[in-house]
Amino acid sequence: MTARLHHPAGSLASGAYDLDLGPEQAGWAYSSLRVLRLAPGGCHPVDTGPDEVLVVPLQGRAAVRCDGEVVDLPGRSSVFAGPCDSAYAPPGAHLEITSPTGGRFALAGARAATGRPFGLVASGSVPVELRGAGSCSREVHNLCLPGVADCERLLVCEVITPAGNWSSYPPHKHDEDGPDETVLEEIYYFELGAGTDGPGVAYQRVYGTAERPIDLLAEVRDGDVVLVPHGWHGPSMAAPGYDLYYLNVMAGPGERACPQRIDRGLLQEPPAGRRAEDRR
C-alpha cells in the first residue's frame, strides 16, 4: 500500500519530466501531474490529450504557446515566493513551453470532455488565505478553484506550512457525495525549504475506514508525491527548521466544488473520535 501511495522523487521520472504521473499510473480515472524541467533557453512540446491542464511555474519563467496565442508566465524564484501567473489549456491542445531562464513547471491535469479556452490565470485573481492558528496556521493559494479559473473538472491549490506547523488538520476526506463532500482524487506534490543542514523532511498521514481500509504515514522529501484515492488525510507535518510546500491537484466525477467547502465538512466524523473540521 505504501509503495502505491507514496512515490519518492525521481521514481516516476520520464525524459524531460522529473515527475510523469497519469491516471493510469495512479490507478484512478481523473487526476494527473507532470513536472517539466527545462534548461535555460529550453523548449518542450506538450500535447494535452484527454486532459485539461494548468501550467504552474514552480521555479523560473516560461512562455506557453497554443494555436498562435502566447501566455507569458513571469514565474518565481521558488515555490515559497508567493503565488504566480499560470496558463490553462483544454483537452486536445498542442502547447510549446519555452523558458529563457530554465526552471521547473508543474502541469496539473484532469480528464475532461471539452474544457475551456486557452488563457492566462493571473496571480492577481488568486485568493491567498491564512488558515488555522498557532501551530496549525498555514497559507493557501487557491490557484484554480471555482471563481478563480473556469475549468471543467480541475482543482488546484498550493499550501505553505511554516516550519514546525501542521496543515490539513484535523483530517478531512472527499470520497462520498453529499452536501459537505464530493468525490475527488487528490495528489500531494511536496517541496521542502532548505535549513541549516540542507533540505529537510516532512510527514503525511492518510488513513481509511473499516469498509475502505487505507493506511499511510510517509516521510516525504523534496519532489515526493503522495496519492489520496480515498479516506481521511492529514495532518501534513512540517519538521522544525524546514518550511513545507505542497501542490494539491484534485479532480473527480462529481461537482467541481470548492475544496474549502468540501474539506471543512463539519458534519463528518473521522475514525478514532477525531473531529473533521478542516483548516487545510
# chains A, B, ... in the order shown; residues from 1 in each chain; ligands from 1

$ residues_around --residues "A:Phe105" --least-positions-apart "2" --cutoff "9 Å" --atoms "only C-alpha atoms" --output "compact mmCIF listing (two decimals) with N, CA and C atoms, in the first residue's frame"
# COMPACT_ATOMS: atom_id res chain seq x y z
N ARG A 34 2.39 16.33 -13.99
CA ARG A 34 3.75 16.21 -14.53
C ARG A 34 4.55 17.42 -14.07
N VAL A 35 5.84 17.23 -13.85
CA VAL A 35 6.74 18.33 -13.53
C VAL A 35 7.83 18.35 -14.58
N LEU A 36 7.80 19.38 -15.42
CA LEU A 36 8.71 19.54 -16.54
C LEU A 36 9.92 20.34 -16.11
N ARG A 37 11.12 19.86 -16.46
CA ARG A 37 12.36 20.59 -16.18
C ARG A 37 12.96 21.07 -17.50
N LEU A 38 13.22 22.37 -17.61
CA LEU A 38 13.80 22.95 -18.81
C LEU A 38 15.12 23.64 -18.48
N VAL A 55 -0.64 25.02 -16.31
CA VAL A 55 0.82 25.11 -16.25
C VAL A 55 1.18 26.09 -15.15
N VAL A 56 1.85 25.59 -14.11
CA VAL A 56 2.18 26.39 -12.93
C VAL A 56 3.70 26.44 -12.78
N PRO A 57 4.33 27.61 -12.92
CA PRO A 57 5.77 27.69 -12.65
C PRO A 57 6.09 27.38 -11.19
N LEU A 58 6.97 26.42 -10.98
CA LEU A 58 7.48 26.16 -9.63
C LEU A 58 8.73 27.00 -9.38
N GLN A 59 9.55 27.14 -10.42
CA GLN A 59 10.75 27.96 -10.34
C GLN A 59 11.15 28.32 -11.77
N GLY A 60 11.29 29.61 -12.04
CA GLY A 60 11.69 30.04 -13.37
C GLY A 60 10.55 30.67 -14.16
N ARG A 61 10.92 31.26 -15.30
CA ARG A 61 9.99 31.96 -16.18
C ARG A 61 9.70 31.10 -17.40
N ALA A 62 8.50 31.27 -17.99
CA ALA A 62 8.14 30.49 -19.18
C ALA A 62 7.16 31.26 -20.04
N GLY A 103 14.02 26.19 -15.65
CA GLY A 103 13.25 26.04 -14.43
C GLY A 103 12.42 24.79 -14.42
N LEU A 107 2.55 20.65 -14.51
CA LEU A 107 1.42 20.53 -15.42
C LEU A 107 0.36 19.71 -14.70

$ residues_around --residues "stretch 214-219 of chain A" --least-positions-apart "2" --cutoff "7 Å" --atoms "only C-alpha atoms" --output "list in words"
Thr2, His6, Val201, Ala202, Tyr203, Gln204, Arg205, Val206, Tyr207, Gly208, Arg212, Arg221 and Gly231 of chain A

$ select_by_dssp --residues "stretch 40-102 of chain A" --states "strand (DSSP E or B)" --output "VMD selection string"
chain A and resid 42 to 47 51 to 66 69 to 76 86 to 89 94 to 99

$ select_by_dssp --residues "stretch 98-137 of chain A" --states "helix (DSSP H, G or I)" --output "number ranges by chain"
A: 123-125, 134-136

$ write_last_selection --atoms "N, CA and C atoms" --output "PDB file, in the first residue's frame"
ATOM      1  N   SER A 123      -2.102  35.882 -11.352  1.00  0.00           N
ATOM      2  CA  SER A 123      -1.862  35.749  -9.914  1.00  0.00           C
ATOM      3  C   SER A 123      -2.672  36.768  -9.122  1.00  0.00           C
ATOM      4  N   GLY A 124      -2.988  37.906  -9.748  1.00  0.00           N
ATOM      5  CA  GLY A 124      -3.787  38.904  -9.050  1.00  0.00           C
ATOM      6  C   GLY A 124      -5.195  38.459  -8.742  1.00  0.00           C
ATOM      7  N   SER A 125      -5.665  37.421  -9.442  1.00  0.00           N
ATOM      8  CA  SER A 125      -7.009  36.900  -9.184  1.00  0.00           C
ATOM      9  C   SER A 125      -6.999  35.717  -8.224  1.00  0.00           C
ATOM     10  N   GLY A 134      -1.844  29.518  15.390  1.00  0.00           N
ATOM     11  CA  GLY A 134      -0.767  28.919  16.153  1.00  0.00           C
ATOM     12  C   GLY A 134      -0.003  27.886  15.352  1.00  0.00           C
ATOM     13  N   SER A 135       0.183  26.711  15.923  1.00  0.00           N
ATOM     14  CA  SER A 135       0.968  25.659  15.267  1.00  0.00           C
ATOM     15  C   SER A 135       0.215  24.967  14.140  1.00  0.00           C
ATOM     16  N   CYS A 136      -1.038  25.360  13.905  1.00  0.00           N
ATOM     17  CA  CYS A 136      -1.804  24.830  12.771  1.00  0.00           C
ATOM     18  C   CYS A 136      -2.083  25.917  11.728  1.00  0.00           C
TER      19      CYS A 136
END

$ closest_residue --among "A:Gly198, A:Gly178, A:Pro240, A:Leu227" --to "A:Gln25" --atoms "only C-alpha atoms"
A:Leu227

$ closest_residue --among "A:His44, A:His94, A:Arg65, A:His230" --to "A:Thr182" --atoms "only C-alpha atoms"
A:His230

$ closest_residue --among "A:Asp72, A:Glu152, A:Asp222, A:Asp85" --to "A:Pro100" --atoms "only C-alpha atoms"
A:Asp72

$ residues_around --residues "A:Leu33" --least-positions-apart "5" --cutoff "6 Å" --atoms "only C-alpha atoms" --output "count of residues only"
4
